[in-house]
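Shown here: structure16.cif, mmCIF, C-alpha atoms.
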```cif
data_protein
#
loop_
_atom_site.label_atom_id
_atom_site.label_comp_id
_atom_site.auth_asym_id
_atom_site.auth_seq_id
_atom_site.Cartn_x
_atom_site.Cartn_y
_atom_site.Cartn_z
CA PRO V 1086 198.16 178.44 191.23
CA GLY V 1087 201.57 177.29 190.15
CA THR V 1088 202.96 180.82 190.19
CA ALA V 1089 204.65 182.80 192.91
CA ASP V 1090 202.62 183.67 195.97
CA PRO V 1091 201.11 187.17 195.51
CA LEU V 1092 202.77 188.19 198.77
CA LEU V 1093 206.18 187.55 197.21
CA SER V 1094 207.74 190.47 195.34
CA ARG V 1095 210.22 189.93 192.51
CA THR V 1096 213.08 190.43 194.96
CA SER V 1097 211.46 188.03 197.41
CA PHE V 1098 211.01 185.53 194.59
CA ALA V 1099 214.77 185.54 193.96
CA ARG V 1100 215.51 185.21 197.69
CA HIS V 1101 213.06 182.33 197.99
CA LYS V 1102 214.73 180.54 195.08
CA LYS V 1103 218.19 181.01 196.60
CA MET V 1104 217.05 179.73 200.01
CA ALA V 1105 215.25 176.77 198.47
CA GLU V 1106 218.46 175.80 196.65
CA GLU V 1107 220.06 175.17 200.05
CA ILE V 1108 217.99 171.98 200.12
CA LYS V 1109 219.95 169.53 197.96
CA ALA V 1110 217.70 166.45 198.19
CA LYS V 1111 214.27 165.90 196.70
CA VAL V 1112 211.79 165.95 199.57
CA TRP V 1113 208.03 165.41 199.52
CA MET V 1114 205.81 165.69 202.59
CA VAL V 1115 202.12 164.89 202.92
CA SER V 1116 200.74 166.36 206.13
CA GLY V 1117 197.42 165.47 207.70
CA CYS V 1118 196.25 169.04 208.08
CA MET V 1119 197.22 172.70 207.96
CA ASP V 1120 199.29 174.37 210.69
CA GLU V 1121 196.23 175.81 212.39
CA GLN V 1122 194.19 172.60 212.25
CA THR V 1123 193.82 169.44 214.28
CA SER V 1124 193.67 165.93 212.83
CA ALA V 1125 191.78 162.89 213.99
CA ASP V 1126 191.89 159.18 214.70
CA VAL V 1127 189.63 156.77 212.83
CA SER V 1128 188.00 154.12 215.00
CA ASP V 1129 188.03 151.54 212.19
CA VAL V 1130 190.31 152.09 209.21
CA MET V 1131 188.38 149.50 207.21
CA SER V 1132 185.68 152.15 206.84
CA PHE V 1133 188.07 153.71 204.30
CA GLY V 1134 188.15 150.48 202.32
CA LEU V 1135 191.75 149.46 203.02
CA PRO V 1136 192.72 146.02 201.71
CA ALA V 1137 192.70 143.31 204.37
CA ASP V 1138 196.44 142.68 203.95
CA VAL V 1139 197.42 146.31 204.67
CA GLY V 1140 198.05 146.93 208.34
CA PRO V 1141 196.38 145.42 211.38
CA GLY V 1142 192.99 147.13 211.00
CA GLY V 1143 191.30 148.81 213.96
CA ALA V 1144 192.03 152.44 214.77
CA GLY V 1145 194.30 154.63 212.67
CA GLY V 1146 194.95 158.15 211.49
CA ALA V 1147 192.50 159.74 209.07
CA CYS V 1148 195.27 161.00 206.79
CA THR V 1149 197.06 157.64 206.76
CA SER V 1150 193.81 155.79 206.09
CA ALA V 1151 192.76 158.06 203.23
CA MET V 1152 196.19 157.96 201.61
CA ALA V 1153 196.74 154.24 202.12
CA GLN V 1154 193.39 153.43 200.56
CA LYS V 1155 194.45 155.20 197.38
CA ILE V 1156 198.05 154.17 196.88
CA THR V 1157 197.30 150.49 197.51
CA GLN V 1158 195.06 150.49 194.43
CA PRO V 1159 196.67 148.99 191.31
CA ARG V 1160 196.61 152.21 189.32
CA PRO V 1161 199.16 154.93 188.58
CA TRP V 1162 198.74 158.08 190.65
CA VAL V 1163 199.77 161.63 189.99
CA TRP V 1164 199.88 164.11 192.84
CA GLY V 1165 196.83 166.11 191.78
CA ASN V 1166 194.56 163.05 191.57
CA LEU V 1167 195.84 161.56 194.83
CA LEU V 1168 195.29 164.76 196.81
CA THR V 1169 191.87 165.38 195.25
CA GLU V 1170 190.59 161.92 196.11
CA MET V 1171 192.09 161.96 199.61
CA ARG V 1172 190.27 165.21 200.30
CA GLN V 1173 187.00 163.85 198.87
CA ASP V 1174 187.18 160.77 201.12
CA LEU V 1175 187.85 162.86 204.22
CA VAL V 1176 184.94 165.19 203.44
CA GLN V 1177 182.57 162.31 202.77
CA LYS V 1178 183.44 160.80 206.13
CA LYS V 1179 182.90 164.17 207.90
CA TYR V 1180 186.56 164.94 208.66
CA THR V 1181 187.31 168.65 208.51
CA GLN V 1182 191.10 168.40 208.31
CA ILE V 1183 192.62 169.56 205.04
CA PRO V 1184 195.70 167.70 203.73
CA GLN V 1185 198.70 169.64 202.51
CA LEU V 1186 201.52 168.73 200.13
CA SER V 1187 204.94 170.33 200.53
CA SER V 1188 208.09 169.86 198.50
CA SER V 1189 211.68 170.99 198.27
CA TYR V 1190 211.12 172.07 194.65
CA ASN V 1191 208.21 173.42 192.59
CA LEU V 1192 206.80 170.00 191.81
CA LYS V 1193 204.21 169.67 189.03
CA LEU V 1194 200.93 168.15 190.15
CA ASP V 1195 200.85 165.79 187.18
CA GLU V 1196 204.09 164.15 188.34
CA PRO V 1197 203.72 160.49 189.32
CA VAL V 1198 203.56 159.69 193.03
CA LYS V 1199 206.52 157.46 193.87
CA LEU V 1200 207.34 156.34 197.40
CA LYS V 1201 210.75 155.67 195.91
CA PRO V 1202 212.13 156.15 192.41
CA ASP V 1203 211.83 153.01 190.28
CA GLU V 1204 215.55 152.88 189.59
CA VAL V 1205 216.56 152.74 193.28
CA PRO V 1206 217.41 149.14 194.29
CA ILE V 1207 216.04 147.67 197.51
CA ASN V 1208 219.45 147.76 199.21
CA ARG V 1209 219.51 151.57 198.86
CA THR V 1210 216.29 152.14 200.81
CA LYS V 1211 215.79 153.10 204.46
CA ALA V 1212 212.75 154.11 206.48
CA LEU V 1213 211.85 155.52 209.89
CA LEU V 1214 208.36 154.80 211.24
CA ILE V 1215 207.17 156.47 214.47
CA GLY V 1216 203.89 155.80 216.25
CA ILE V 1217 203.05 157.20 219.69
CA ASN V 1218 199.83 156.28 221.52
CA TYR V 1219 201.01 157.88 224.81
CA VAL V 1220 200.44 154.65 226.68
CA GLY V 1221 200.11 155.24 230.42
CA HIS V 1222 199.50 158.97 230.14
CA LYS V 1223 196.60 160.45 232.07
CA GLN V 1224 195.54 162.65 229.16
CA GLY V 1225 195.96 162.66 225.42
CA VAL V 1226 196.03 158.89 224.92
CA LEU V 1227 195.63 157.86 221.26
CA SER V 1228 194.67 154.49 219.82
CA GLY V 1229 195.68 154.38 216.17
CA CYS V 1230 199.32 155.45 215.92
CA HIS V 1231 200.87 152.01 216.39
CA ASN V 1232 198.56 150.70 213.69
CA ASP V 1233 199.64 153.50 211.34
CA VAL V 1234 203.21 152.28 211.67
CA GLU V 1235 202.21 148.76 210.67
CA THR V 1236 200.10 150.08 207.79
CA TRP V 1237 203.03 152.04 206.39
CA ARG V 1238 205.45 149.18 207.02
CA SER V 1239 203.22 146.95 204.85
CA ILE V 1240 202.85 149.59 202.13
CA ILE V 1241 206.47 150.62 201.75
CA THR V 1242 207.63 147.00 201.78
CA LYS V 1243 205.28 146.32 198.87
CA HIS V 1244 206.74 149.38 197.13
CA GLY V 1245 210.30 148.10 197.25
CA PHE V 1246 211.69 149.18 200.61
CA ASN V 1247 214.02 146.81 202.40
CA PRO V 1248 212.31 145.36 205.52
CA GLN V 1249 215.75 145.17 207.17
CA GLY V 1250 216.25 148.88 206.61
CA ILE V 1251 213.14 149.97 208.52
CA THR V 1252 213.59 151.53 211.97
CA VAL V 1253 210.46 151.46 214.15
CA LEU V 1254 209.77 153.55 217.26
CA LYS V 1255 206.58 152.75 219.21
CA ASP V 1256 205.58 153.04 222.86
CA ASP V 1257 204.27 149.47 222.91
CA GLY V 1258 206.72 148.05 225.42
CA GLN V 1259 208.49 146.00 222.73
CA SER V 1260 209.88 148.45 220.18
CA THR V 1261 212.44 151.18 220.73
CA PRO V 1262 210.51 153.81 222.71
CA PRO V 1263 209.80 157.10 220.87
CA THR V 1264 211.43 159.41 223.40
CA LYS V 1265 212.69 162.81 222.27
CA LYS V 1266 216.27 161.56 222.30
CA ASN V 1267 215.47 158.39 220.37
CA ILE V 1268 213.38 160.20 217.75
CA GLU V 1269 216.08 162.81 217.18
CA GLN V 1270 218.81 160.19 217.01
CA ALA V 1271 216.78 158.11 214.53
CA MET V 1272 216.13 161.17 212.34
CA LEU V 1273 219.81 162.08 212.47
CA ALA V 1274 220.81 158.56 211.50
CA LEU V 1275 218.39 158.56 208.58
CA ALA V 1276 219.70 161.87 207.24
CA ARG V 1277 223.41 161.61 207.97
CA GLY V 1278 223.68 158.02 206.81
CA ALA V 1279 222.24 158.84 203.39
CA THR V 1280 224.32 159.02 200.21
CA ALA V 1281 223.41 159.93 196.63
CA GLY V 1282 221.13 157.28 195.16
CA ASP V 1283 219.33 156.45 198.42
CA ALA V 1284 215.54 156.54 198.83
CA LEU V 1285 214.25 157.36 202.31
CA PHE V 1286 210.79 157.25 203.88
CA MET V 1287 209.74 158.83 207.16
CA GLN V 1288 206.37 158.60 208.90
CA TYR V 1289 205.14 160.11 212.16
CA SER V 1290 201.80 159.43 213.85
CA GLY V 1291 201.16 160.99 217.22
CA HIS V 1292 200.47 164.35 218.75
CA GLY V 1293 201.50 167.55 217.03
CA SER V 1294 201.24 170.93 218.67
CA GLN V 1295 202.17 174.59 218.46
CA ILE V 1296 204.29 176.61 220.85
CA LYS V 1297 205.01 180.30 221.02
CA ASP V 1298 207.77 181.27 218.62
CA THR V 1299 210.49 182.93 220.67
CA SER V 1300 212.88 183.61 217.76
CA GLY V 1301 210.54 185.83 215.75
CA ASP V 1302 210.89 183.78 212.56
CA GLU V 1303 207.26 182.60 212.32
CA ALA V 1304 204.70 184.92 210.73
CA SER V 1305 201.96 183.22 212.76
CA GLY V 1306 203.86 183.65 216.02
CA PHE V 1307 203.94 179.88 216.57
CA ASP V 1308 206.38 177.06 215.87
CA GLN V 1309 205.03 173.65 214.88
CA VAL V 1310 206.28 170.76 217.01
CA LEU V 1311 206.20 166.97 217.34
CA VAL V 1312 205.35 165.64 220.80
CA PRO V 1313 207.47 162.65 221.92
CA MET V 1314 206.25 160.23 224.58
CA ASP V 1315 208.40 161.91 227.26
CA TYR V 1316 207.53 165.51 226.35
CA GLN V 1317 206.69 166.36 229.97
CA GLY V 1318 210.31 165.98 231.01
CA SER V 1319 212.27 166.28 227.76
CA GLY V 1320 210.35 168.81 225.70
CA VAL V 1321 209.22 168.72 222.11
CA ILE V 1322 210.82 168.56 218.66
CA VAL V 1323 210.58 171.91 216.89
CA ASP V 1324 210.19 172.41 213.13
CA ASP V 1325 213.36 174.53 213.02
CA TRP V 1326 215.39 171.56 214.27
CA ILE V 1327 213.82 169.20 211.72
CA PHE V 1328 214.65 171.57 208.85
CA ASP V 1329 218.20 172.33 209.94
CA THR V 1330 219.18 168.85 211.07
CA VAL V 1331 217.26 166.57 208.73
CA VAL V 1332 216.10 168.36 205.58
CA LYS V 1333 219.22 170.46 204.96
CA ALA V 1334 221.53 167.58 205.91
CA LEU V 1335 220.33 165.34 203.08
CA PRO V 1336 222.82 165.28 200.19
CA GLU V 1337 222.03 165.78 196.53
CA GLY V 1338 220.76 162.65 194.81
CA VAL V 1339 218.72 161.48 197.83
CA THR V 1340 214.92 161.35 197.96
CA LEU V 1341 212.82 161.57 201.12
CA PHE V 1342 209.08 160.84 201.19
CA ALA V 1343 207.47 161.89 204.48
CA VAL V 1344 203.97 161.44 205.90
CA MET V 1345 203.20 163.49 209.01
CA ASP V 1346 199.84 162.35 210.41
CA CYS V 1347 199.43 164.73 213.33
CA CYS V 1348 197.88 168.07 214.20
CA HIS V 1349 199.45 171.39 213.21
CA SER V 1350 201.66 169.60 210.69
CA GLY V 1351 201.32 171.70 207.53
CA SER V 1352 204.82 173.19 207.74
CA ILE V 1353 206.47 170.82 210.22
CA MET V 1354 209.38 170.30 207.79
CA ASP V 1355 209.54 173.94 206.63
CA LEU V 1356 209.67 173.14 202.92
CA PRO V 1357 209.74 175.99 200.38
CA PHE V 1358 206.85 174.92 198.12
CA SER V 1359 203.40 173.87 199.29
CA ILE V 1360 199.75 173.62 198.39
CA THR V 1361 196.66 173.10 200.51
CA VAL V 1362 193.94 170.81 199.21
CA THR V 1363 191.12 173.33 199.47
CA PRO V 1364 187.61 172.78 198.04
CA GLN V 1365 188.76 174.68 194.93
CA PHE V 1366 191.82 172.48 194.44
CA ALA V 1367 190.12 169.87 192.23
CA GLN V 1368 188.78 172.54 189.89
CA GLN V 1369 192.18 174.21 189.64
CA PHE V 1370 193.93 170.93 188.90
CA GLN V 1371 191.34 169.91 186.32
CA ALA V 1372 191.72 173.27 184.57
CA ASN V 1373 195.52 173.09 184.66
CA PRO V 1374 196.92 169.58 185.28
CA HIS V 1375 200.47 170.89 184.79
CA MET V 1376 200.22 173.43 187.60
CA ALA V 1377 203.19 173.58 189.94
CA LEU V 1378 203.29 173.95 193.69
CA PRO V 1379 203.29 177.63 194.61
CA GLN V 1380 206.10 179.09 196.64
CA ASN V 1381 205.47 178.99 200.36
CA ALA V 1382 205.48 182.58 201.61
CA LYS V 1383 205.90 181.27 205.17
CA PHE V 1384 209.21 179.70 204.14
CA LEU V 1385 210.62 183.01 202.88
CA HIS V 1386 209.40 184.97 205.89
CA LYS V 1387 210.80 182.44 208.31
CA HIS V 1388 214.23 182.01 206.80
CA LYS V 1389 214.75 185.74 206.18
CA LYS V 1390 214.04 186.28 209.88
CA ARG V 1391 216.35 183.47 210.94
CA ILE V 1392 219.21 184.86 208.87
CA ALA V 1393 218.66 188.29 210.43
CA VAL V 1394 218.72 186.79 213.93
CA VAL V 1395 222.01 184.98 213.22
CA VAL V 1396 223.62 188.13 211.80
CA THR V 1397 222.47 190.21 214.76
CA ALA V 1398 223.77 187.64 217.22
CA GLY V 1399 227.13 187.59 215.46
CA ALA V 1400 227.39 191.38 215.51
CA ALA V 1401 226.65 191.39 219.22
CA GLY V 1402 229.39 188.87 219.89
CA CYS V 1403 226.93 186.23 221.03
CA CYS V 1404 227.64 182.52 220.79
CA VAL V 1405 224.95 179.88 220.52
CA ALA V 1406 226.35 176.42 221.07
CA GLY V 1407 223.84 174.65 218.82
CA PRO V 1408 221.18 172.02 219.50
CA MET V 1409 222.73 170.91 222.78
CA GLY V 1410 223.66 174.39 224.04
CA CYS V 1411 222.34 176.09 227.17
CA LEU V 1412 219.94 178.33 225.23
CA ALA V 1413 218.50 175.32 223.42
CA ALA V 1414 218.17 173.43 226.68
CA MET V 1415 216.20 176.31 228.19
CA CYS V 1416 213.99 176.46 225.12
CA ALA V 1417 213.41 172.70 225.29
CA ALA V 1418 212.29 173.00 228.88
CA MET V 1419 209.89 175.82 228.01
CA CYS V 1420 208.63 173.85 225.01
CA GLY V 1421 207.89 170.90 227.25
CA MET V 1422 205.87 173.03 229.67
CA ALA V 1423 203.99 174.71 226.83
CA ALA V 1424 203.15 171.38 225.19
CA HIS V 1425 202.10 169.94 228.54
CA ASP V 1426 199.72 172.85 229.17
CA HIS V 1427 198.36 172.57 225.64
CA MET V 1428 197.78 168.83 225.91
CA GLN V 1429 195.94 169.16 229.20
CA LYS V 1430 193.41 171.46 227.53
CA GLN V 1431 192.61 169.17 224.61
CA ASN V 1432 190.11 166.39 224.14
CA GLU V 1433 191.45 162.95 223.45
CA ALA V 1434 189.56 162.67 220.17
CA GLY V 1435 192.11 164.47 218.03
CA ARG V 1436 195.85 164.24 217.46
CA VAL V 1437 196.49 167.53 219.24
#
```

Would you kindly transcribe this structure into structure tokens?
Amino acid sequence: PGTADPLLSRTSFARHKKMAEEIKAKVWMVSGCMDEQTSADVSDVMSFGLPADVGPGGAGGACTSAMAQKITQPRPWVWGNLLTEMRQDLVQKKYTQIPQLSSSYNLKLDEPVKLKPDEVPINRTKALLIGINYVGHKQGVLSGCHNDVETWRSIITKHGFNPQGITVLKDDGQSTPPTKKNIEQAMLALARGATAGDALFMQYSGHGSQIKDTSGDEASGFDQVLVPMDYQGSGVIVDDWIFDTVVKALPEGVTLFAVMDCCHSGSIMDLPFSITVTPQFAQQFQANPHMALPQNAKFLHKHKKRIAVVVTAGAAGCCVAGPMGCLAAMCAAMCGMAAHDHMQKQNEAGRV
């Protein structure tokens, strides 16, 4: 742990480092589970021992509840301790999902957990909070995602984020609806409006899914996706788009803290360093508190493939118009149908 992935050769190590350097901002992402896993709703978040003044209570995401219970305690946290105790709480409460931490750099697990750096003033903070319960849908209705938004709104405000700088998307009939277009526009605004010295926070609670990877850049054969409220007609939001349009767009000197409380979310932001909080994690951290996040072999595989695809397309004289081009529109339509089929097959218990 803390060294290069054994699947990465010395040459691959250098390539990984070069690709990772394309990300200029400092980005941290806590995801509710691994790519191949599903996550769950909690019927009563107070079972995790959340303070009464944090969020509205009731249902909520298991990842959000476990994390919120820890970081609302008046004690300093480092990443290794936070992840260890989150995992212990989930196991004790019979949740099988395994949290994952990803980063844009090889973060040390004894680094303090900061939703924003202490030196960033409140007027340099912005946040995007998204909660989708799929109100009115025949299948896949959730109950805790709106509450997750309010939980995180309470937490980040207490940690120095400007309440006036928080954008909220919920399908509650009152907030801006979390359609595909609105989510993408809000993510774009968060990223493109950032300048050096800003601290950003982004949270998503809703369905996550996987669709067949048609570009050949995923070792697993599947892309990870977010599922907006109008996925049946508009499609889904693919991890490639999030990386290219949000992560890479952030300038140097910006920080982004993200919490993705949904299924199949381990690599939803495609970050180059990651660690999974396995049962052995606590022992590894205790033995070596200074261990760093290992390189994410999936990141190297994916971005090597994507570069090859672009080069091949250029040699063939092809032209892809970008996110709004015809090819992307066709893919979006296929993504929507795939997500729809997937959702129909799932139980409503999990965020799948």

For the provided coordinates, the residues matched by the PyMOL selection byres ((chain V and resi 1268) around 10) should be stated as a compact mmCIF listing (two decimals) with C-alpha atoms, keeping the file's coordinate frame.
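After the write, expr-v2.txt holds the following:
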```
# COMPACT_ATOMS: atom_id res chain seq x y z
CA LEU V 1213 211.85 155.52 209.89
CA LEU V 1214 208.36 154.80 211.24
CA ILE V 1215 207.17 156.47 214.47
CA VAL V 1253 210.46 151.46 214.15
CA LEU V 1254 209.77 153.55 217.26
CA THR V 1261 212.44 151.18 220.73
CA PRO V 1262 210.51 153.81 222.71
CA PRO V 1263 209.80 157.10 220.87
CA THR V 1264 211.43 159.41 223.40
CA LYS V 1265 212.69 162.81 222.27
CA LYS V 1266 216.27 161.56 222.30
CA ASN V 1267 215.47 158.39 220.37
CA GLU V 1269 216.08 162.81 217.18
CA GLN V 1270 218.81 160.19 217.01
CA ALA V 1271 216.78 158.11 214.53
CA MET V 1272 216.13 161.17 212.34
CA LEU V 1273 219.81 162.08 212.47
CA ALA V 1274 220.81 158.56 211.50
CA TYR V 1289 205.14 160.11 212.16
CA LEU V 1311 206.20 166.97 217.34
CA PRO V 1313 207.47 162.65 221.92
CA MET V 1314 206.25 160.23 224.58
CA ILE V 1322 210.82 168.56 218.66
```

Task: d(atom CA of V:Asp1174, atom CA of V:Val1362) in Å - done: 12.3 Å

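The two atoms in question, atom CA of V:Ala1343 and atom CA of V:Arg1238, are spaced 13.1 Å apart.
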
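Nearest to V:Ser1239 of all the residues V:Leu1175, V:Ile1156, V:Leu1378, V:Val1226 is V:Ile1156, counting all atoms listed in the file.
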
- [ ] Mind listing whatever residues come within 10 Å of the point (199.1, 174.7, 183.8)? Use all atoms listed in the file, file coordinates, and give them as JSON, numbers by chain.
- [x] {"V": [1086, 1087, 1088, 1193, 1194, 1195, 1369, 1370, 1371, 1372, 1373, 1374, 1375, 1376, 1377]}

Task: Among the residues V:Met1287, V:Ala1110, V:Val1220, V:Leu1227, the one that comes closest to V:Ile1251 [using all atoms listed in the file] - done: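 Of the candidates, the smallest distance to V:Ile1251 is held by V:Met1287.
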
TODO: For the structure provided, state which residues fall under the PyMOL selection byres ((chain V and resi 1337) around 12), and present them as an MDAnalysis selection string.
DONE: chainID V and resid 1106:1112 1189 1276 1279:1284 1332:1336 1338:1341

Limited to C-alpha atoms, could you put the picked residues into a file as a tab-separated table (two decimals), keeping the file's coordinate frame?
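Now in part-v5.tsv:
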```tsv
chain	number	residue	atom	x	y	z
V	1106	GLU	CA	218.46	175.80	196.65
V	1107	GLU	CA	220.06	175.17	200.05
V	1108	ILE	CA	217.99	171.98	200.12
V	1109	LYS	CA	219.95	169.53	197.96
V	1110	ALA	CA	217.70	166.45	198.19
V	1111	LYS	CA	214.27	165.90	196.70
V	1112	VAL	CA	211.79	165.95	199.57
V	1189	SER	CA	211.68	170.99	198.27
V	1276	ALA	CA	219.70	161.87	207.24
V	1279	ALA	CA	222.24	158.84	203.39
V	1280	THR	CA	224.32	159.02	200.21
V	1281	ALA	CA	223.41	159.93	196.63
V	1282	GLY	CA	221.13	157.28	195.16
V	1283	ASP	CA	219.33	156.45	198.42
V	1284	ALA	CA	215.54	156.54	198.83
V	1332	VAL	CA	216.10	168.36	205.58
V	1333	LYS	CA	219.22	170.46	204.96
V	1334	ALA	CA	221.53	167.58	205.91
V	1335	LEU	CA	220.33	165.34	203.08
V	1336	PRO	CA	222.82	165.28	200.19
V	1338	GLY	CA	220.76	162.65	194.81
V	1339	VAL	CA	218.72	161.48	197.83
V	1340	THR	CA	214.92	161.35	197.96
V	1341	LEU	CA	212.82	161.57	201.12
```

Task: Separation of atom CA of V:Ser1116 from atom CA of V:Asp1315 in Å - done: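 That distance, rounded to one decimal, is 22.9 Å.
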
Open item on the list: Using all atoms listed in the file, can you tell me which of V:Asn1208, V:Gln1380, V:Thr1149, V:Gln1368 comes closest to V:Asn1166?
Closed with: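 Closest to V:Asn1166, using all atoms listed in the file: V:Gln1368.
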
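With all atoms listed in the file as the basis for measurement, V:Val1331 is the residue among V:Val1234, V:Leu1167, V:Cys1347, V:Val1331 that approaches V:Leu1275 most closely.
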
TODO: I would like the residues chosen by the PyMOL selection byres ((chain V and resi 1356) around 9) on the shown file; could you give them as number ranges by chain?
DONE: V: 1105, 1108, 1112-1114, 1187-1190, 1328, 1332, 1352-1355, 1357-1359, 1381, 1384
